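Single-structure report; data block below.
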Amino acid sequence: MALSLMFVGAVGYAKVNGSDNEAKTPDDVEAVDLGLSVKWANMNVGATKESGFGTYFAWGEVKPKKYYSWGTYSWSHKDTSFLIKYSNTDKRTQLVLADDAARANWGGEWRMPTAKECEELTDPDKCKWEWITKDGINGYKVTGKKTGNSIFLPITGFRFYEGVQFRAIKGIYWTSTLYTLYPDKSYCLEFDGSNIDVTFGKLSSNRFSGRCIRAVR
C-alpha cells in the first residue's frame, strides 16, 4: 500500500521500566507510544542505535547464523521446504513466544509484531511516514498522529544464503504471522522510497531468509 508521506517533528519516548523480568532488554531500548494498540521499540533487535540494522533472523529462529537456506532452517526437513512446524499440518499461524526472536533476545514483554499490528502502523489515518536519512542510512521516520512521537525504520535488505540483498534499497521486517496460503512464507513489513506494504513479500519471503525485527510490547 502506497502512503502519502508527511512530516511531524515532535519526538517523545516512554522509557522501558527496569524490572527483573526485563533484564535482557538493552539500556538504550525504549518503548515508543505512537498512539496505537502496542508500543514500538525505538531500534531493531540486535541494534545499538536507532539507525542500526540489528540482527537478521530466519522466521521462527532466535539466533543469527552465517548461512540462510532450507538446509539450515530449524523448521524444515533437511534441504527442502517440507515444514515440520507452522504448517497446514499443525495449523499454527502465529509464532509461539519460544520461537519469537524479540522475546528470546530482549525478554520482558517484548515480542515480534503481528501482521495486523504492522497494518496499523502503516495506516495513513494513524501514522505519517517520511523518507529521511539518519546517520547516513535511508529509511522512514514514522510519527503517530495521536501522540506526535516517532520511530525510525532503516532500510535493511535481507540475508539470503551467504549474503545480504537489497540493503541499500529495501526495508524488510518480519511479523509473527504465517502466510497461510503458502506456509513456507510469512508476512513482513516491506518498504522502499515510494511504497510501504504489509505483504508476504515482493522479494523472497521464504521463511529461511534472514530479516530484521522491530519489536513491540
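Chains: A, B, ... in order of the C-alpha cells. Residues: from 1 per chain. Ligands: from 1, in order shown.
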Exercise. For Gln94 (chain A), please output as a ChimeraX atom specification all residues within 7 Å (counting only C-alpha atoms; exclusion window: fewer than 3 positions along the same chain).
Key: /A:176-178
Mind writing the picked residues with N, CA and C atoms as a compact mmCIF listing (two decimals), in the first residue's frame?
# COMPACT_ATOMS: atom_id res chain seq x y z
N SER A 176 5.10 -11.76 13.06
CA SER A 176 4.99 -13.09 13.68
C SER A 176 3.88 -13.92 13.03
N THR A 177 3.35 -13.45 11.91
CA THR A 177 2.17 -14.06 11.29
C THR A 177 2.53 -14.87 10.05
N LEU A 178 2.10 -16.12 10.04
CA LEU A 178 2.32 -17.00 8.90
C LEU A 178 1.43 -16.60 7.73
Practice problem: Can you check which residues of region 28-193 of chain A DSSP gives as alpha helix (DSSP H) on the backbone and send them as a list in words? | Solution: Ala101, Ala102, Arg103, Ala104, Asn105, Trp106, Ala115, Lys116, Glu117, Cys118, Glu119, Glu120 and Leu121 of chain A
Using N, CA and C atoms, can you export the residues from the last selection as a compact mmCIF listing (two decimals), in the first residue's frame?
# COMPACT_ATOMS: atom_id res chain seq x y z
N ALA A 101 12.03 -14.16 18.26
CA ALA A 101 13.38 -13.64 18.47
C ALA A 101 13.41 -12.40 19.37
N ALA A 102 12.37 -11.58 19.31
CA ALA A 102 12.33 -10.40 20.16
C ALA A 102 12.24 -10.80 21.63
N ARG A 103 11.36 -11.74 21.95
CA ARG A 103 11.22 -12.19 23.34
C ARG A 103 12.48 -12.92 23.80
N ALA A 104 13.05 -13.75 22.94
CA ALA A 104 14.22 -14.53 23.32
C ALA A 104 15.43 -13.65 23.58
N ASN A 105 15.57 -12.56 22.83
CA ASN A 105 16.76 -11.72 22.94
C ASN A 105 16.60 -10.55 23.89
N TRP A 106 15.38 -10.04 24.04
CA TRP A 106 15.16 -8.87 24.88
C TRP A 106 14.39 -9.16 26.16
N ALA A 115 0.99 -9.24 11.80
CA ALA A 115 0.70 -8.55 10.54
C ALA A 115 -0.32 -7.44 10.76
N LYS A 116 -1.30 -7.68 11.60
CA LYS A 116 -2.33 -6.68 11.87
C LYS A 116 -1.74 -5.45 12.56
N GLU A 117 -0.80 -5.65 13.46
CA GLU A 117 -0.16 -4.51 14.13
C GLU A 117 0.70 -3.71 13.15
N CYS A 118 1.32 -4.39 12.19
CA CYS A 118 2.07 -3.66 11.15
C CYS A 118 1.13 -2.89 10.23
N GLU A 119 -0.04 -3.46 9.95
CA GLU A 119 -1.03 -2.75 9.14
C GLU A 119 -1.51 -1.49 9.86
N GLU A 120 -1.63 -1.57 11.17
CA GLU A 120 -1.99 -0.40 11.96
C GLU A 120 -0.90 0.67 11.86
N LEU A 121 0.37 0.24 11.88
CA LEU A 121 1.48 1.18 11.77
C LEU A 121 1.49 1.88 10.41
Exercise. Using only C-alpha atoms, find the one residue out of A:Gly144, A:Ile155, A:Ala215, A:Thr114 that sits nearest to Thr25 (chain A).
Key: A:Ala215
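Between CA of Met112 (chain A) and CA of Val164 (chain A) there is a distance of 21.4 Å.
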Show me, as a tab-separated table, the residues of region 31-73 of chain A having an atom within 6 Å of region 206-214 of chain A, each with the closest atom pair and its distance in Å, using only C-alpha atoms.
residue	atom	partner	partner_atom	distance
A:Asn44	CA	A:Arg214	CA	4.7
A:Val45	CA	A:Ile213	CA	5.7
A:Thr55	CA	A:Cys212	CA	5.9
A:Tyr56	CA	A:Arg211	CA	4.7
A:Phe57	CA	A:Gly210	CA	4.5
A:Ala58	CA	A:Gly210	CA	4.4
A:Trp59	CA	A:Arg207	CA	5.1
A:Tyr68	CA	A:Ser209	CA	5.6
A:Ser69	CA	A:Phe208	CA	5.4
A:Trp70	CA	A:Phe208	CA	5.8
A:Tyr73	CA	A:Phe208	CA	5.5
Using all heavy atoms, can you export the residues from the last selection as a CSV table (one decimal), in the first residue's frame?
chain,number,residue,atom,x,y,z
A,44,ASN,N,16.0,-1.7,16.2
A,44,ASN,CA,15.8,-3.1,15.8
A,44,ASN,C,16.5,-4.0,16.8
A,44,ASN,O,17.4,-3.6,17.5
A,44,ASN,CB,16.5,-3.3,14.4
A,44,ASN,CG,15.7,-2.7,13.3
A,44,ASN,OD1,14.6,-2.2,13.5
A,44,ASN,ND2,16.4,-2.7,12.1
A,45,VAL,N,15.9,-5.2,16.9
A,45,VAL,CA,16.5,-6.2,17.8
A,45,VAL,C,18.0,-6.5,17.3
A,45,VAL,O,18.2,-6.7,16.1
A,45,VAL,CB,15.7,-7.5,17.8
A,45,VAL,CG1,16.4,-8.6,18.6
A,45,VAL,CG2,14.3,-7.3,18.3
A,55,THR,N,20.1,-7.5,14.1
A,55,THR,CA,20.4,-8.9,13.7
A,55,THR,C,19.4,-9.4,12.7
A,55,THR,O,18.2,-9.0,12.8
A,55,THR,CB,20.3,-9.7,15.0
A,55,THR,OG1,21.2,-9.2,16.0
A,55,THR,CG2,20.7,-11.2,14.8
A,56,TYR,N,19.9,-10.2,11.8
A,56,TYR,CA,19.0,-10.9,10.8
A,56,TYR,C,18.6,-12.3,11.3
A,56,TYR,O,19.5,-13.1,11.6
A,56,TYR,CB,19.7,-11.0,9.5
A,56,TYR,CG,19.9,-9.6,8.8
A,56,TYR,CD1,21.0,-8.8,9.3
A,56,TYR,CD2,19.1,-9.1,7.8
A,56,TYR,CE1,21.2,-7.6,8.7
A,56,TYR,CE2,19.3,-7.9,7.2
A,56,TYR,CZ,20.4,-7.1,7.7
A,56,TYR,OH,20.6,-5.9,7.1
A,57,PHE,N,17.3,-12.6,11.4
A,57,PHE,CA,16.8,-13.9,11.9
A,57,PHE,C,16.0,-14.5,10.8
A,57,PHE,O,15.2,-13.9,10.1
A,57,PHE,CB,15.9,-13.7,13.1
A,57,PHE,CG,16.6,-13.1,14.3
A,57,PHE,CD1,16.5,-11.7,14.5
A,57,PHE,CD2,17.3,-13.8,15.2
A,57,PHE,CE1,17.1,-11.1,15.6
A,57,PHE,CE2,17.9,-13.2,16.3
A,57,PHE,CZ,17.8,-11.9,16.5
A,58,ALA,N,16.1,-15.9,10.7
A,58,ALA,CA,15.1,-16.6,9.9
A,58,ALA,C,13.8,-16.6,10.7
A,58,ALA,O,13.8,-16.5,12.0
A,58,ALA,CB,15.6,-18.0,9.7
A,59,TRP,N,12.7,-16.8,10.1
A,59,TRP,CA,11.4,-16.7,10.7
A,59,TRP,C,11.2,-17.9,11.7
A,59,TRP,O,11.3,-19.0,11.3
A,59,TRP,CB,10.3,-16.7,9.7
A,59,TRP,CG,8.9,-16.3,10.3
A,59,TRP,CD1,8.5,-15.1,10.6
A,59,TRP,CD2,7.9,-17.2,10.7
A,59,TRP,NE1,7.2,-15.1,11.1
A,59,TRP,CE2,6.8,-16.4,11.1
A,59,TRP,CE3,7.7,-18.6,10.6
A,59,TRP,CZ2,5.6,-17.0,11.6
A,59,TRP,CZ3,6.6,-19.2,11.1
A,59,TRP,CH2,5.5,-18.4,11.5
A,68,TYR,N,21.9,-18.9,5.3
A,68,TYR,CA,20.4,-18.9,5.4
A,68,TYR,C,19.9,-19.7,4.2
A,68,TYR,O,20.0,-19.3,3.1
A,68,TYR,CB,19.8,-17.5,5.4
A,68,TYR,CG,20.1,-16.8,6.7
A,68,TYR,CD1,21.4,-16.3,6.9
A,68,TYR,CD2,19.2,-16.6,7.7
A,68,TYR,CE1,21.7,-15.6,8.1
A,68,TYR,CE2,19.5,-16.0,8.9
A,68,TYR,CZ,20.7,-15.4,9.1
A,68,TYR,OH,21.0,-14.8,10.2
A,69,SER,N,19.3,-20.9,4.5
A,69,SER,CA,18.8,-21.8,3.4
A,69,SER,C,17.8,-22.7,4.1
A,69,SER,O,17.7,-22.8,5.3
A,69,SER,CB,19.9,-22.6,2.8
A,69,SER,OG,20.4,-23.5,3.6
A,70,TRP,N,17.1,-23.5,3.3
A,70,TRP,CA,16.2,-24.5,3.8
A,70,TRP,C,17.0,-25.5,4.6
A,70,TRP,O,16.6,-26.1,5.6
A,70,TRP,CB,15.4,-25.2,2.7
A,70,TRP,CG,14.3,-24.4,2.2
A,70,TRP,CD1,14.1,-24.1,0.8
A,70,TRP,CD2,13.2,-23.8,2.9
A,70,TRP,NE1,12.9,-23.3,0.7
A,70,TRP,CE2,12.4,-23.2,1.9
A,70,TRP,CE3,12.8,-23.8,4.2
A,70,TRP,CZ2,11.2,-22.5,2.3
A,70,TRP,CZ3,11.6,-23.2,4.6
A,70,TRP,CH2,10.8,-22.5,3.6
A,73,TYR,N,17.6,-24.3,8.1
A,73,TYR,CA,16.4,-23.7,8.8
A,73,TYR,C,15.8,-24.7,9.8
A,73,TYR,O,15.7,-25.9,9.5
A,73,TYR,CB,15.3,-23.4,7.8
A,73,TYR,CG,14.1,-22.8,8.3
A,73,TYR,CD1,14.1,-21.6,9.1
A,73,TYR,CD2,12.8,-23.3,8.0
A,73,TYR,CE1,13.0,-21.1,9.6
A,73,TYR,CE2,11.7,-22.7,8.5
A,73,TYR,CZ,11.7,-21.6,9.3
A,73,TYR,OH,10.6,-21.0,9.9
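Counting only C-alpha atoms and comparing A:Tyr173, A:Trp40, A:Tyr187, A:Trp75, the residue that lies closest to Glu61 (chain A) is A:Trp75.
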Quiz item: Could you pull out the strand (DSSP E or B) residues of region 30-191 of chain A from DSSP and send them as an MDAnalysis selection string?
Solution: chainID A and resid 30:32 40:41 57 68 76 83 94 111 127:134 137:144 150:154 158:161 163:165 171:178 185:191
Next, the residues of the selection above should be written as a compact mmCIF listing (two decimals), in the first residue's frame with N, CA and C atoms.
# COMPACT_ATOMS: atom_id res chain seq x y z
N GLU A 30 13.89 1.72 24.08
CA GLU A 30 12.75 2.42 24.63
C GLU A 30 11.47 1.99 23.92
N ALA A 31 10.37 2.03 24.63
CA ALA A 31 9.06 1.72 24.06
C ALA A 31 8.38 3.03 23.69
N VAL A 32 8.13 3.23 22.42
CA VAL A 32 7.61 4.50 21.91
C VAL A 32 6.11 4.41 21.73
N TRP A 40 6.02 0.62 20.09
CA TRP A 40 7.06 0.13 19.21
C TRP A 40 8.44 0.47 19.75
N ALA A 41 9.37 -0.47 19.63
CA ALA A 41 10.74 -0.22 20.06
C ALA A 41 11.38 0.87 19.21
N PHE A 57 17.32 -12.56 11.41
CA PHE A 57 16.84 -13.86 11.88
C PHE A 57 16.00 -14.54 10.80
N TYR A 68 21.89 -18.87 5.31
CA TYR A 68 20.42 -18.95 5.41
C TYR A 68 19.89 -19.73 4.21
N SER A 76 12.35 -26.86 8.84
CA SER A 76 12.19 -27.58 7.59
C SER A 76 12.90 -28.93 7.68
N LEU A 83 7.82 -28.58 5.73
CA LEU A 83 7.82 -27.92 7.04
C LEU A 83 7.44 -28.87 8.16
N GLN A 94 0.60 -18.31 14.18
CA GLN A 94 1.37 -17.26 14.87
C GLN A 94 2.51 -17.91 15.62
N ARG A 111 8.00 -8.60 21.97
CA ARG A 111 7.69 -9.69 21.04
C ARG A 111 7.70 -9.12 19.63
N CYS A 127 -0.69 7.09 11.28
CA CYS A 127 0.73 7.43 11.29
C CYS A 127 1.11 8.14 9.99
N LYS A 128 2.10 9.03 10.10
CA LYS A 128 2.68 9.70 8.94
C LYS A 128 4.08 9.14 8.71
N TRP A 129 4.39 8.85 7.47
CA TRP A 129 5.68 8.28 7.09
C TRP A 129 6.46 9.29 6.27
N GLU A 130 7.70 9.55 6.67
CA GLU A 130 8.56 10.50 5.95
C GLU A 130 9.89 9.83 5.65
N TRP A 131 10.28 9.79 4.38
CA TRP A 131 11.55 9.21 3.95
C TRP A 131 12.67 10.18 4.30
N ILE A 132 13.61 9.76 5.15
CA ILE A 132 14.69 10.63 5.60
C ILE A 132 16.01 9.84 5.61
N THR A 133 17.09 10.55 5.90
CA THR A 133 18.39 9.92 6.13
C THR A 133 18.82 10.21 7.55
N LYS A 134 19.18 9.15 8.28
CA LYS A 134 19.60 9.29 9.68
C LYS A 134 20.94 8.57 9.84
N ILE A 137 21.99 6.64 6.88
CA ILE A 137 21.16 5.49 6.49
C ILE A 137 19.78 5.99 6.09
N ASN A 138 19.31 5.58 4.91
CA ASN A 138 17.96 5.92 4.49
C ASN A 138 16.92 5.08 5.22
N GLY A 139 15.74 5.63 5.35
CA GLY A 139 14.64 4.91 5.98
C GLY A 139 13.48 5.85 6.21
N TYR A 140 12.53 5.40 7.02
CA TYR A 140 11.33 6.20 7.29
C TYR A 140 11.27 6.65 8.74
N LYS A 141 10.94 7.91 8.91
CA LYS A 141 10.51 8.41 10.21
C LYS A 141 9.00 8.23 10.26
N VAL A 142 8.54 7.45 11.23
CA VAL A 142 7.11 7.15 11.37
C VAL A 142 6.59 7.86 12.62
N THR A 143 5.64 8.74 12.43
CA THR A 143 5.13 9.58 13.51
C THR A 143 3.67 9.26 13.78
N GLY A 144 3.35 8.96 15.03
CA GLY A 144 1.97 8.73 15.42
C GLY A 144 1.19 10.04 15.43
N SER A 150 7.76 9.56 17.48
CA SER A 150 8.27 8.98 16.24
C SER A 150 9.26 7.85 16.48
N ILE A 151 9.37 6.97 15.49
CA ILE A 151 10.43 5.97 15.42
C ILE A 151 11.07 6.07 14.04
N PHE A 152 12.28 5.52 13.91
CA PHE A 152 12.96 5.47 12.62
C PHE A 152 13.14 4.02 12.22
N LEU A 153 12.71 3.69 10.99
CA LEU A 153 12.86 2.35 10.45
C LEU A 153 13.87 2.39 9.30
N PRO A 154 15.09 1.89 9.51
CA PRO A 154 16.09 1.94 8.44
C PRO A 154 15.84 0.88 7.37
N PHE A 158 17.88 -8.04 3.25
CA PHE A 158 17.65 -9.31 3.92
C PHE A 158 18.80 -10.27 3.64
N ARG A 159 18.97 -11.25 4.52
CA ARG A 159 20.00 -12.26 4.36
C ARG A 159 19.45 -13.42 3.55
N PHE A 160 20.21 -13.84 2.53
CA PHE A 160 19.80 -14.93 1.65
C PHE A 160 21.05 -15.73 1.31
N TYR A 161 21.07 -17.01 1.75
CA TYR A 161 22.29 -17.81 1.66
C TYR A 161 23.42 -17.10 2.41
N GLY A 163 24.84 -13.99 1.65
CA GLY A 163 24.95 -12.55 1.51
C GLY A 163 23.76 -11.77 2.00
N VAL A 164 23.90 -10.44 1.95
CA VAL A 164 22.82 -9.52 2.26
C VAL A 164 22.34 -8.90 0.94
N GLN A 165 21.05 -9.00 0.66
CA GLN A 165 20.48 -8.50 -0.57
C GLN A 165 19.69 -7.21 -0.31
N GLY A 171 13.61 -1.91 3.00
CA GLY A 171 13.48 -2.26 4.40
C GLY A 171 12.52 -3.43 4.49
N ILE A 172 12.94 -4.51 5.13
CA ILE A 172 12.12 -5.72 5.19
C ILE A 172 12.18 -6.27 6.61
N TYR A 173 11.03 -6.32 7.27
CA TYR A 173 10.95 -6.73 8.67
C TYR A 173 9.93 -7.85 8.84
N TRP A 174 10.30 -8.87 9.59
CA TRP A 174 9.36 -9.96 9.86
C TRP A 174 8.21 -9.53 10.75
N THR A 175 7.04 -10.11 10.51
CA THR A 175 5.97 -10.14 11.50
C THR A 175 5.96 -11.54 12.10
N SER A 176 5.10 -11.76 13.06
CA SER A 176 4.99 -13.09 13.68
C SER A 176 3.88 -13.92 13.03
N THR A 177 3.35 -13.45 11.91
CA THR A 177 2.17 -14.06 11.29
C THR A 177 2.53 -14.87 10.05
N LEU A 178 2.10 -16.12 10.04
CA LEU A 178 2.32 -17.00 8.90
C LEU A 178 1.43 -16.60 7.73
N LYS A 185 6.10 -19.24 3.60
CA LYS A 185 6.33 -17.80 3.65
C LYS A 185 5.61 -17.21 4.87
N SER A 186 6.02 -16.00 5.24
CA SER A 186 5.37 -15.29 6.34
C SER A 186 5.24 -13.83 5.97
N TYR A 187 4.29 -13.16 6.61
CA TYR A 187 4.08 -11.73 6.34
C TYR A 187 5.26 -10.91 6.82
N CYS A 188 5.53 -9.82 6.12
CA CYS A 188 6.56 -8.89 6.55
C CYS A 188 6.15 -7.47 6.20
N LEU A 189 6.73 -6.53 6.92
CA LEU A 189 6.62 -5.11 6.61
C LEU A 189 7.74 -4.80 5.63
N GLU A 190 7.37 -4.31 4.46
CA GLU A 190 8.36 -4.10 3.39
C GLU A 190 8.18 -2.71 2.80
N PHE A 191 9.29 -1.98 2.62
CA PHE A 191 9.17 -0.62 2.09
C PHE A 191 10.42 -0.21 1.33
Quiz item: If we count only C-alpha atoms, what is near Thr89 (chain A) at a cut-off of 12 Å, once residues fewer than 5 positions away on the same chain are taken out, given as an NGL selection string?
Solution: :A and (82-84 or 180 or 183)
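Comparing the minimum interatomic distances between Val198 (chain A) and each of A:Thr156, A:Thr122, A:Ser81, A:Thr147, counting only C-alpha atoms, we find that A:Thr122 sits nearest.
With only C-alpha atoms as the atoms that count, the minimum distance from Val38 (chain A) to the choices A:Pro124, A:Thr199, A:Asp135, A:Pro113 is reached by A:Pro113.
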Quiz item: Which residue out of A:Lys66, A:Ile169, A:Lys126, A:Leu181 has the minimum interatomic distance to Gly193 (chain A) when only C-alpha atoms are used?
Solution: A:Ile169
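Nearest residue to Glu50 (chain A), choosing from A:Pro64, A:Tyr179, A:Asn195, A:Val29 and counting only C-alpha atoms: A:Val29.
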